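query_13.tsv (TSV, C-alpha atoms) appears below.
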chain	number	residue	atom	x	y	z
A	24	MET	CA	11.60	-49.23	5.78
A	25	LYS	CA	8.04	-47.94	5.59
A	26	ARG	CA	8.93	-45.84	2.51
A	27	TYR	CA	10.41	-48.87	0.78
A	28	LEU	CA	7.30	-50.99	1.42
A	29	VAL	CA	5.05	-48.26	0.02
A	30	LEU	CA	7.22	-47.99	-3.09
A	31	LEU	CA	7.16	-51.74	-3.58
A	32	ALA	CA	3.38	-51.83	-3.25
A	33	VAL	CA	2.98	-49.12	-5.88
A	34	CYS	CA	5.53	-50.71	-8.16
A	35	ALA	CA	3.79	-54.10	-8.25
A	36	SER	CA	0.74	-52.95	-10.21
A	37	SER	CA	-0.12	-56.48	-11.31
A	38	SER	CA	0.32	-59.93	-9.90
A	39	LEU	CA	3.39	-62.02	-10.55
A	40	ILE	CA	2.74	-64.63	-13.23
A	41	TYR	CA	4.75	-67.83	-12.91
A	42	GLY	CA	5.73	-69.78	-15.98
A	43	ASN	CA	6.11	-73.16	-14.29
A	44	ALA	CA	5.28	-74.15	-10.73
A	45	SER	CA	8.17	-76.63	-10.66
A	46	HIS	CA	10.56	-73.70	-10.43
A	47	GLY	CA	9.09	-72.75	-7.07
A	48	GLN	CA	6.86	-69.72	-6.72
A	49	ASP	CA	8.59	-68.57	-3.56
A	50	GLY	CA	11.94	-68.45	-5.35
A	51	ALA	CA	10.55	-66.51	-8.32
A	52	ALA	CA	8.78	-64.05	-6.06
A	53	ALA	CA	11.89	-63.49	-3.95
A	54	LEU	CA	14.02	-62.81	-7.00
A	55	ALA	CA	11.40	-60.44	-8.41
A	56	VAL	CA	11.48	-58.49	-5.14
A	57	ARG	CA	15.27	-58.35	-5.31
A	58	ILE	CA	15.06	-56.77	-8.76
A	59	GLU	CA	12.40	-54.30	-7.61
A	60	ALA	CA	14.25	-53.21	-4.46
A	61	ALA	CA	17.26	-51.00	-3.89
A	62	GLN	CA	20.31	-53.09	-4.68
A	63	SER	CA	22.60	-54.73	-2.17
A	64	PRO	CA	25.53	-54.52	-2.19
A	65	ASN	CA	25.20	-50.85	-3.06
A	66	ARG	CA	27.65	-49.91	-5.81
A	67	GLN	CA	26.23	-46.38	-5.90
A	68	GLY	CA	24.95	-45.17	-9.26
A	69	TRP	CA	21.32	-46.30	-9.46
A	70	ASP	CA	21.66	-49.08	-6.88
A	71	PRO	CA	20.11	-47.09	-3.99
A	72	TYR	CA	16.83	-46.71	-5.86
A	73	ALA	CA	13.88	-49.08	-6.00
A	74	LEU	CA	12.41	-49.85	-9.43
A	75	GLN	CA	9.45	-47.50	-8.96
A	76	GLU	CA	11.83	-44.66	-8.04
A	77	LEU	CA	13.82	-45.31	-11.21
A	78	MET	CA	10.65	-45.26	-13.29
A	79	GLU	CA	9.81	-41.85	-11.85
A	80	ARG	CA	13.33	-40.47	-12.32
A	81	PHE	CA	13.60	-41.73	-15.91
A	82	GLY	CA	10.08	-40.68	-16.92
A	83	VAL	CA	8.79	-44.20	-17.59
A	84	PRO	CA	5.09	-44.66	-16.75
A	85	GLY	CA	5.01	-48.40	-17.33
A	86	VAL	CA	7.30	-51.39	-17.72
A	87	SER	CA	6.72	-55.09	-18.31
A	88	ILE	CA	9.31	-57.81	-17.66
A	89	SER	CA	9.58	-61.51	-18.44
A	90	VAL	CA	12.44	-63.67	-17.18
A	91	ILE	CA	13.54	-66.97	-18.75
A	92	LYS	CA	15.18	-69.71	-16.69
A	93	ASP	CA	15.88	-73.32	-17.65
A	94	LEU	CA	14.20	-72.89	-21.06
A	95	GLN	CA	10.94	-71.77	-19.47
A	96	ILE	CA	9.29	-68.51	-18.51
A	97	TYR	CA	10.20	-68.15	-14.84
A	98	TRP	CA	8.04	-65.12	-14.14
A	99	SER	CA	6.38	-62.18	-15.87
A	100	LYS	CA	5.12	-58.98	-14.30
A	101	GLY	CA	3.88	-55.51	-15.18
A	102	TYR	CA	4.58	-52.29	-13.27
A	103	GLY	CA	3.14	-48.80	-13.33
A	104	GLN	CA	0.69	-47.35	-15.83
A	105	ALA	CA	-0.07	-48.40	-19.38
A	106	ASP	CA	-1.63	-44.98	-20.04
A	107	VAL	CA	-1.13	-41.90	-17.84
A	108	THR	CA	-4.41	-40.41	-19.08
A	109	THR	CA	-6.62	-43.33	-18.07
A	110	LYS	CA	-4.38	-44.54	-15.21
A	111	SER	CA	-4.82	-48.10	-16.47
A	112	PRO	CA	-2.21	-50.47	-15.01
A	113	VAL	CA	0.39	-52.46	-16.91
A	114	ARG	CA	-0.42	-56.15	-16.69
A	115	SER	CA	1.71	-59.03	-17.87
A	116	ASP	CA	-0.56	-59.29	-20.94
A	117	THR	CA	-0.44	-55.58	-21.83
A	118	MET	CA	0.84	-55.17	-25.40
A	119	PHE	CA	3.70	-52.81	-26.28
A	120	GLN	CA	5.22	-51.94	-29.63
A	121	ALA	CA	8.21	-54.21	-30.16
A	122	ALA	CA	9.76	-51.77	-32.63
A	123	SER	CA	12.91	-53.32	-34.15
A	124	ILE	CA	12.43	-56.61	-32.29
A	125	SER	CA	9.90	-57.10	-35.09
A	126	LYS	CA	12.88	-57.90	-37.34
A	127	PRO	CA	14.10	-61.17	-35.75
A	128	VAL	CA	10.48	-62.37	-35.43
A	129	THR	CA	10.18	-61.79	-39.19
A	130	ALA	CA	13.46	-63.67	-39.65
A	131	PHE	CA	11.98	-66.64	-37.76
A	132	ALA	CA	9.17	-66.72	-40.35
A	133	VAL	CA	11.71	-66.63	-43.17
A	134	MET	CA	13.63	-69.55	-41.68
A	135	ARG	CA	10.46	-71.62	-41.42
A	136	LEU	CA	9.95	-71.04	-45.15
A	137	VAL	CA	13.58	-72.01	-45.76
A	138	ASP	CA	12.94	-75.26	-43.86
A	139	ALA	CA	9.89	-75.84	-46.06
A	140	GLY	CA	11.93	-75.36	-49.23
A	141	LYS	CA	9.95	-72.28	-50.30
A	142	LEU	CA	12.79	-69.77	-49.86
A	143	SER	CA	16.57	-69.80	-49.97
A	144	LEU	CA	18.82	-67.56	-47.91
A	145	ASP	CA	21.33	-67.28	-50.73
A	146	GLU	CA	19.24	-66.74	-53.87
A	147	ASP	CA	18.95	-63.34	-55.54
A	148	VAL	CA	15.87	-61.77	-53.91
A	149	ASN	CA	14.73	-60.51	-57.31
A	150	ARG	CA	13.83	-64.14	-58.01
A	151	TYR	CA	11.01	-63.78	-55.45
A	152	LEU	CA	10.07	-60.11	-55.78
A	153	LYS	CA	7.21	-59.34	-58.20
A	154	SER	CA	5.75	-55.91	-57.44
A	155	TRP	CA	9.14	-54.20	-57.19
A	156	LYS	CA	12.69	-55.17	-58.13
A	157	LEU	CA	16.04	-54.26	-56.65
A	158	PRO	CA	17.65	-52.01	-59.26
A	159	GLU	CA	20.85	-53.41	-60.70
A	160	ASN	CA	23.80	-51.10	-60.14
A	161	GLU	CA	27.56	-51.17	-59.86
A	162	PHE	CA	27.36	-52.64	-56.35
A	163	THR	CA	24.91	-55.46	-57.00
A	164	ARG	CA	25.94	-56.40	-60.53
A	165	GLY	CA	27.51	-59.84	-60.35
A	166	ARG	CA	26.90	-60.13	-56.61
A	167	PRO	CA	23.17	-60.38	-55.95
A	168	VAL	CA	21.41	-59.25	-52.78
A	169	THR	CA	20.09	-62.18	-50.73
A	170	LEU	CA	17.83	-62.75	-47.75
A	171	ARG	CA	20.90	-63.62	-45.69
A	172	ALA	CA	22.36	-60.20	-46.49
A	173	LEU	CA	19.13	-58.28	-45.88
A	174	LEU	CA	18.42	-59.96	-42.55
A	175	SER	CA	21.97	-59.39	-41.26
A	176	HIS	CA	22.19	-55.74	-42.41
A	177	THR	CA	25.07	-56.52	-44.75
A	178	SER	CA	23.28	-56.13	-48.10
A	179	GLY	CA	25.01	-52.84	-48.93
A	180	THR	CA	21.97	-50.63	-48.34
A	181	GLY	CA	22.74	-47.05	-47.40
A	182	ASP	CA	19.47	-45.86	-45.87
A	183	GLY	CA	20.59	-46.50	-42.28
A	184	PHE	CA	17.27	-45.37	-40.86
A	185	GLY	CA	14.56	-46.52	-38.55
A	186	PHE	CA	10.98	-45.40	-39.05
A	187	PRO	CA	9.12	-42.54	-37.31
A	188	GLY	CA	5.71	-44.03	-38.04
A	189	TYR	CA	2.54	-42.14	-38.93
A	190	GLN	CA	-0.20	-40.40	-37.01
A	191	PRO	CA	-3.23	-42.73	-36.95
A	192	SER	CA	-5.22	-40.27	-39.11
A	193	ALA	CA	-2.43	-39.70	-41.65
A	194	LYS	CA	-2.33	-41.21	-45.11
A	195	ARG	CA	0.06	-44.14	-45.23
A	196	PRO	CA	2.29	-45.21	-48.11
A	197	SER	CA	2.46	-48.57	-49.83
A	198	LEU	CA	5.58	-50.69	-49.49
A	199	VAL	CA	6.69	-49.72	-52.99
A	200	GLN	CA	6.31	-46.03	-52.12
A	201	ILE	CA	8.40	-46.59	-48.99
A	202	LEU	CA	11.14	-48.34	-50.93
A	203	ASN	CA	11.17	-45.60	-53.57
A	204	GLY	CA	10.94	-42.76	-51.07
A	205	GLU	CA	7.75	-41.48	-52.70
A	206	LYS	CA	5.03	-39.50	-50.92
A	207	PRO	CA	3.33	-40.03	-48.58
A	208	SER	CA	6.39	-41.92	-47.26
A	209	ASN	CA	8.20	-39.93	-44.57
A	210	VAL	CA	11.61	-41.57	-45.18
A	211	GLY	CA	14.02	-41.54	-48.08
A	212	PRO	CA	14.45	-44.30	-50.65
A	213	VAL	CA	16.32	-47.52	-50.09
A	214	PHE	CA	19.56	-47.38	-52.04
A	215	TRP	CA	22.85	-49.26	-52.31
A	216	GLU	CA	26.25	-47.78	-51.49
A	217	ARG	CA	28.51	-50.86	-51.44
A	218	PRO	CA	28.51	-54.53	-52.53
A	219	PRO	CA	26.75	-57.08	-50.30
A	220	PHE	CA	28.73	-58.44	-47.33
A	221	THR	CA	31.34	-55.68	-47.60
A	222	ALA	CA	30.35	-54.05	-44.31
A	223	PHE	CA	27.59	-53.88	-41.71
A	224	LYS	CA	25.12	-50.97	-41.72
A	225	TYR	CA	21.82	-51.23	-39.88
A	226	SER	CA	19.01	-50.88	-42.40
A	227	GLY	CA	15.30	-50.74	-41.74
A	228	GLY	CA	14.76	-50.39	-45.47
A	229	GLY	CA	16.36	-53.77	-46.09
A	230	THR	CA	13.74	-55.42	-43.90
A	231	VAL	CA	10.98	-53.66	-45.82
A	232	VAL	CA	12.33	-55.49	-48.88
A	233	VAL	CA	11.92	-58.74	-46.91
A	234	GLN	CA	8.33	-57.78	-46.08
A	235	LEU	CA	7.51	-57.19	-49.72
A	236	LEU	CA	9.23	-60.44	-50.71
A	237	LEU	CA	7.07	-62.42	-48.27
A	238	THR	CA	3.81	-60.82	-49.43
A	239	ASP	CA	4.76	-61.24	-53.09
A	240	THR	CA	5.74	-64.88	-52.58
A	241	LEU	CA	2.78	-66.00	-50.47
A	242	ALA	CA	0.15	-63.59	-51.86
A	243	LYS	CA	-1.23	-62.81	-48.40
A	244	PRO	CA	-1.24	-59.78	-46.09
A	245	PHE	CA	1.92	-59.66	-44.03
A	246	HIS	CA	0.17	-59.94	-40.66
A	247	GLU	CA	-1.57	-63.14	-41.79
A	248	ILE	CA	1.73	-64.64	-42.90
A	249	LEU	CA	3.32	-63.96	-39.52
A	250	ASP	CA	0.24	-65.24	-37.69
A	251	GLU	CA	0.46	-68.54	-39.54
A	252	LEU	CA	4.23	-69.02	-39.45
A	253	VAL	CA	5.17	-67.63	-36.04
A	254	LEU	CA	2.61	-66.09	-33.70
A	255	GLU	CA	0.04	-68.89	-33.62
A	256	PRO	CA	2.40	-71.90	-33.63
A	257	VAL	CA	4.68	-70.37	-30.98
A	258	GLY	CA	1.68	-69.49	-28.79
A	259	MET	CA	2.12	-65.71	-28.97
A	260	THR	CA	-1.56	-65.09	-28.22
A	261	ASN	CA	-1.14	-61.44	-27.23
A	262	SER	CA	0.73	-60.43	-30.37
A	263	THR	CA	-0.14	-59.07	-33.80
A	264	TYR	CA	1.49	-57.39	-36.78
A	265	GLU	CA	-1.77	-55.69	-37.72
A	266	GLN	CA	-1.26	-52.00	-38.51
A	267	PRO	CA	-3.20	-50.04	-37.48
A	268	LEU	CA	-4.04	-51.94	-34.32
A	269	PRO	CA	-7.64	-53.27	-34.46
A	270	PRO	CA	-10.07	-51.71	-31.95
A	271	GLN	CA	-10.61	-55.01	-30.17
A	272	ARG	CA	-6.91	-55.17	-29.34
A	273	ALA	CA	-6.36	-51.47	-28.68
A	274	ALA	CA	-7.92	-51.69	-25.22
A	275	ASN	CA	-5.09	-53.99	-24.16
A	276	ALA	CA	-2.27	-51.84	-25.55
A	277	ALA	CA	0.05	-49.44	-23.74
A	278	ARG	CA	0.12	-45.81	-24.79
A	279	ALA	CA	3.25	-44.08	-26.10
A	280	HIS	CA	4.79	-41.40	-23.85
A	281	ASN	CA	7.57	-38.89	-24.28
A	282	GLY	CA	10.88	-38.87	-22.41
A	283	ARG	CA	9.29	-37.19	-19.40
A	284	GLY	CA	6.59	-39.82	-19.14
A	285	ARG	CA	3.81	-37.60	-20.49
A	286	GLU	CA	1.16	-38.37	-23.08
A	287	MET	CA	1.79	-37.18	-26.62
A	288	ASP	CA	-0.59	-36.01	-29.36
A	289	ALA	CA	-1.56	-39.57	-30.32
A	290	LYS	CA	-1.84	-42.82	-28.39
A	291	TRP	CA	0.78	-44.34	-30.70
A	292	HIS	CA	2.05	-44.21	-34.26
A	293	VAL	CA	1.09	-46.59	-37.05
A	294	TYR	CA	3.78	-48.50	-38.95
A	295	PRO	CA	3.11	-49.82	-42.47
A	296	GLU	CA	6.74	-51.02	-42.20
A	297	GLN	CA	5.45	-54.07	-40.34
A	298	ALA	CA	8.45	-56.39	-40.74
A	299	PRO	CA	11.02	-53.98	-39.28
A	300	ALA	CA	8.81	-52.09	-36.80
A	301	GLY	CA	5.16	-53.19	-36.67
A	302	LEU	CA	4.82	-55.93	-34.06
A	303	TRP	CA	2.59	-55.40	-31.03
A	304	THR	CA	3.42	-57.95	-28.33
A	305	THR	CA	4.28	-58.66	-24.70
A	306	PRO	CA	7.52	-59.69	-22.98
A	307	THR	CA	5.91	-63.05	-22.24
A	308	ASP	CA	5.21	-63.70	-25.92
A	309	LEU	CA	8.70	-62.63	-27.00
A	310	ALA	CA	10.13	-64.90	-24.31
A	311	LYS	CA	8.17	-67.78	-25.86
A	312	LEU	CA	9.84	-67.10	-29.20
A	313	ALA	CA	13.30	-66.90	-27.63
A	314	ILE	CA	12.71	-70.22	-25.85
A	315	GLU	CA	11.57	-71.83	-29.10
A	316	LEU	CA	14.85	-70.79	-30.70
A	317	GLN	CA	16.83	-72.01	-27.69
A	318	LYS	CA	15.08	-75.37	-28.02
A	319	ALA	CA	15.67	-75.46	-31.77
A	320	LEU	CA	19.40	-75.04	-31.13
A	321	ARG	CA	19.18	-78.27	-29.10
A	322	GLY	CA	17.19	-80.02	-31.80
A	323	GLU	CA	14.07	-79.96	-29.61
A	324	SER	CA	11.75	-77.70	-31.62
A	325	LYS	CA	8.88	-78.91	-33.78
A	326	LEU	CA	8.77	-75.57	-35.59
A	327	LEU	CA	12.35	-74.90	-36.66
A	328	SER	CA	15.21	-77.16	-37.67
A	329	ARG	CA	18.48	-77.07	-35.79
A	330	ALA	CA	20.27	-75.96	-38.96
A	331	SER	CA	17.95	-72.98	-39.38
A	332	ALA	CA	18.29	-72.10	-35.71
A	333	GLN	CA	22.06	-72.02	-36.15
A	334	GLU	CA	21.65	-69.55	-38.99
A	335	MET	CA	19.82	-67.21	-36.61
A	336	VAL	CA	22.62	-67.17	-34.02
A	337	THR	CA	25.75	-67.42	-36.20
A	338	PRO	CA	27.14	-64.11	-37.54
A	339	VAL	CA	27.30	-64.08	-41.33
A	340	GLY	CA	30.97	-63.12	-41.33
A	341	THR	CA	30.66	-59.34	-41.56
A	342	GLY	CA	29.28	-57.37	-38.63
A	343	PRO	CA	27.60	-58.50	-35.40
A	344	TYR	CA	24.38	-59.93	-36.87
A	345	ALA	CA	23.21	-63.38	-37.79
A	346	VAL	CA	19.97	-63.91	-39.71
A	347	GLY	CA	17.72	-61.68	-37.64
A	348	PHE	CA	19.45	-61.44	-34.26
A	349	ALA	CA	22.40	-59.45	-33.03
A	350	ILE	CA	25.08	-61.73	-31.58
A	351	GLU	CA	27.53	-60.76	-28.88
A	352	ARG	CA	30.00	-62.27	-26.48
A	353	ARG	CA	29.86	-61.23	-22.81
A	354	ASN	CA	32.75	-62.60	-20.83
A	355	GLU	CA	32.53	-66.35	-21.54
A	356	GLY	CA	28.95	-66.41	-22.79
A	357	TRP	CA	27.38	-65.91	-26.23
A	358	TYR	CA	24.01	-64.21	-26.53
A	359	PHE	CA	21.41	-63.48	-29.16
A	360	GLY	CA	19.17	-60.49	-28.76
A	361	HIS	CA	17.70	-57.32	-30.19
A	362	GLY	CA	16.62	-53.90	-29.01
A	363	GLY	CA	13.73	-51.78	-30.19
A	364	SER	CA	12.88	-48.08	-30.30
A	365	ASN	CA	9.62	-46.73	-31.71
A	366	TRP	CA	7.85	-43.42	-31.09
A	367	GLY	CA	7.12	-43.61	-27.35
A	368	PHE	CA	8.33	-47.19	-26.81
A	369	GLN	CA	11.68	-48.80	-25.87
A	370	CYS	CA	12.37	-52.51	-25.39
A	371	ASN	CA	15.09	-55.13	-25.23
A	372	LEU	CA	15.48	-58.91	-25.54
A	373	LEU	CA	18.62	-60.79	-24.52
A	374	THR	CA	19.01	-64.56	-24.32
A	375	HIS	CA	21.89	-66.96	-23.76
A	376	ARG	CA	22.22	-69.32	-26.71
A	377	LEU	CA	23.26	-72.29	-24.56
A	378	LYS	CA	22.26	-71.97	-20.91
A	379	GLY	CA	18.50	-71.53	-21.20
A	380	TYR	CA	18.12	-68.13	-19.58
A	381	GLY	CA	17.31	-64.60	-20.69
A	382	PHE	CA	14.90	-61.72	-20.28
A	383	VAL	CA	12.61	-59.34	-22.16
A	384	VAL	CA	11.74	-55.83	-20.95
A	385	MET	CA	9.32	-53.39	-22.61
A	386	THR	CA	8.56	-49.76	-21.67
A	387	ASN	CA	6.12	-47.11	-22.89
A	388	SER	CA	8.45	-44.09	-22.86
A	389	ASP	CA	11.03	-42.48	-25.13
A	390	SER	CA	13.45	-42.65	-22.18
A	391	GLY	CA	12.78	-46.31	-21.42
A	392	GLY	CA	16.19	-47.42	-22.65
A	393	ARG	CA	17.84	-46.16	-19.46
A	394	LEU	CA	15.47	-48.22	-17.35
A	395	ASN	CA	15.90	-51.28	-19.60
A	396	ALA	CA	19.67	-51.21	-19.02
A	397	GLU	CA	19.22	-51.06	-15.25
A	398	VAL	CA	16.67	-53.90	-15.30
A	399	GLU	CA	19.14	-56.03	-17.25
A	400	THR	CA	21.87	-55.38	-14.69
A	401	ARG	CA	19.56	-56.27	-11.80
A	402	ILE	CA	18.29	-59.47	-13.38
A	403	ALA	CA	21.85	-60.57	-14.10
A	404	ALA	CA	22.87	-59.93	-10.49
A	405	ALA	CA	19.79	-61.57	-8.97
A	406	TYR	CA	20.16	-64.75	-11.02
A	407	GLY	CA	23.94	-64.90	-10.96
A	408	TRP	CA	24.29	-65.11	-14.73
A	409	ASP	CA	27.97	-65.81	-14.97
A	410	SER	CA	28.43	-63.93	-18.24
A	411	LEU	CA	26.39	-60.87	-17.25
A	412	ASP	CA	28.06	-60.09	-13.95
A	413	LYS	CA	29.50	-56.74	-14.99
A	414	PRO	CA	27.17	-53.77	-14.54
A	415	VAL	CA	26.02	-51.94	-17.63
A	416	PRO	CA	27.81	-48.54	-17.86
A	417	ARG	CA	25.63	-45.72	-16.59

Turn the structure described in the file into structure tokens.
Amino acid sequence: MKRYLVLLAVCASSSLIYGNASHGQDGAAALAVRIEAAQSPNRQGWDPYALQELMERFGVPGVSISVIKDLQIYWSKGYGQADVTTKSPVRSDTMFQAASISKPVTAFAVMRLVDAGKLSLDEDVNRYLKSWKLPENEFTRGRPVTLRALLSHTSGTGDGFGFPGYQPSAKRPSLVQILNGEKPSNVGPVFWERPPFTAFKYSGGGTVVVQLLLTDTLAKPFHEILDELVLEPVGMTNSTYEQPLPPQRAANAARAHNGRGREMDAKWHVYPEQAPAGLWTTPTDLAKLAIELQKALRGESKLLSRASAQEMVTPVGTGPYAVGFAIERRNEGWYFGHGGSNWGFQCNLLTHRLKGYGFVVMTNSDSGGRLNAEVETRIAAAYGWDSLDKPVPR
């Protein structure tokens, strides 16, 4: 018992932040403790271990969690260390790299422009692109590539890659150099291998096309566009798409760590591919975005129409993606979500499209995905989410 109390004290490196007092602070605190503790009933596997023990076993220095309940942030909390070199703690406002969760946040911006009549999901994107054009080929001739296709990974692109990022001191490519695979880009070119909507293939390069389209259309830096369309109106005050991260924000950012939880040769990598990989944020801020979409699906958002919200949670007809989010059925429930994996960071967002609950978890380790899966299982059990009652395979 004494060992468990010590572990719990170490694990809770920052105070529990409640989203709404009407939910009852005692209830939120009790459920947070249940997630942090060894699990009961004990199904073996990782159940006998407290959260801090799992962090140590998986090589995860720090983790931050935000839980959504009844369309509100129920609680948010940070655990462990943001940086093993400075021993600074993870707080609920510590920023992590969102990695690929940057993509659905970008899609939210696109849908706001669709609502405003400035973009169409189904127009040829070459209508909007100015500084670079999609090359016409046998796959796109007569069947143009659209924003709907790019944001659902069904455009026919063949790159299939994520992005490794760049050392902070390294020379970084322009968007056109990235798309063409020209130095100093460290990835290959974006190319087409099939007609749009023929099949699903995850494509970071396709979202770079979206980034260029937005900057060409609005004639502003990408981070300013996302500030104006998403981050500021949603209230994501601890978030930015600025790359590299400005010094004034760097002090509040978690460091990247390898799969053993050790520091690497840079605090983090820099991502000029902002739309698919460049967001710095917190679980609390991502939870705010998820709640805004949940409200929009009910017709209760002032930022996004119900029709546009439906586009973001309805698969396009090929593959598991809607416009921005991955969509999946779990037992009787339907969920929208997205995972993320950057150099030294792993994260996940999962939200029920109807019942007003969900969670976001972010870690500062290459092995954080294992911990994220266990956190998801524990949250589902603690809150009795009827469509998440089966444990994630270990």

* So which residues fall inside 10 Å of (26.1, -49.0, -40.4) if we count all atoms listed in the file? Mind giving them as an MDAnalysis selection string? -> chainID A and resid 176:177 179:184 222:226 342

With the cut-off set at 12 Å and counting all atoms listed in the file, tabulate each residue of segment 98-176 of chain A with an atom at most that distance from an atom of segment 55-78 of chain A, showing the nearest atom pair and its distance in Å to one decimal, ordered by chain and increasing number, as a Markdown table.
| residue | atom | partner | partner_atom | distance |
| --- | --- | --- | --- | --- |
| A:Trp98 | CA | A:Ala55 | CA | 8.1 |
| A:Ser99 | CA | A:Ala55 | CA | 9.2 |
| A:Lys100 | CA | A:Ala55 | CA | 8.7 |
| A:Gly101 | CA | A:Ala55 | CA | 11.3 |
| A:Tyr102 | CA | A:Gln75 | CA | 8.1 |
| A:Gly103 | CA | A:Gln75 | CA | 7.8 |
| A:Gln104 | CA | A:Met78 | CA | 10.5 |

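Taking atom CA of His292 of chain A and atom CA of Pro191 of chain A as endpoints, the distance between them is 6.1 Å.
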
* Residues near Val232 of chain A, cut-off 10 Å, only C-alpha atoms, skip fewer than 3 positions along chain, as a VMD selection string -> chain A and resid 148 152 155 to 157 170 173 to 174 198 to 199 201 to 202 213 227 to 229 235 to 237 296 298 to 299

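Distances here use only C-alpha atoms; by that measure, the residue among A:Pro212, A:Pro207, A:Pro256, A:Gly363 closest to Tyr189 of chain A is A:Pro207.
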
* Interatomic distance between atom CA of Asp250 of chain A and atom CA of Asn203 of chain A? ->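 Distance reported for this atom pair: 27.5 Å.
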
* Asked: A:Trp366, A:Phe220, A:Trp357, A:Trp303: which is nearest Trp408 of chain A, counting all atoms listed in the file?
  ->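 Using all atoms listed in the file, Trp408 of chain A sits closest to A:Trp357.
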
* To do: Go ahead and compute the interatomic distance for atom CA of Tyr406 of chain A and atom CA of Ala276 of chain A, in Å to one decimal.
  => 29.7 Å

* Skipping near chain neighbours, those fewer than 3 positions away, what residues fall within 10 Å of Leu142 of chain A using all atoms listed in the file, listed as a ChimeraX atom specification? -> /A:133-139,145-146,148,150-151,170,237,240

* Asked: Can you tell me, as a ChimeraX atom specification, what residues are no more than 7 Å from Asn371 of chain A when counting only C-alpha atoms, ignoring any on the same chain fewer than 6 positions away?
  -> /A:361-363,383-385,395

* Counting all atoms listed in the file, the residue of A:His246, A:Arg376, A:Arg272, A:Arg352 that sits nearest Gln333 of chain A ->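 Using all atoms listed in the file, Gln333 of chain A sits closest to A:Arg376.
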
* Pick out the residues sitting within 7 Å of segment 265-268 of chain A, and hand them over as a list of chain:residue names; count all atoms listed in the file, and ignore anything fewer than 2 positions along from it in its own chain. =>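 The residues satisfying every condition are A:His246, A:Thr263, A:Pro270, A:Arg272, A:Ala273, A:Val293, A:Tyr294, A:Pro295, A:Gly301.
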
* Structure fact -> One residue among A:Val233, A:Leu394, A:Ala405, A:Ala310 is nearest to Ser89 of chain A when using all atoms listed in the file, and that residue is A:Ala310

* **Which residue of A:Met118, A:Cys370, A:Ala132, A:Ile40 approaches Leu249 of chain A most closely, using only C-alpha atoms** =>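 Smallest distance to Leu249 of chain A is found for A:Ala132.
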
Do you have, as CSV, the list of residues of segment 353-409 of chain A lying at most 6 Å from segment 90-97 of chain A, each with its nearest atom pair and that distance in Å to one decimal, counting only C-alpha atoms and ordered by chain then number?
residue,atom,partner,partner_atom,distance
A:Gly379,CA,A:Leu94,CA,4.5
A:Tyr380,CA,A:Lys92,CA,4.4
A:Gly381,CA,A:Ile91,CA,4.9
A:Phe382,CA,A:Val90,CA,4.4
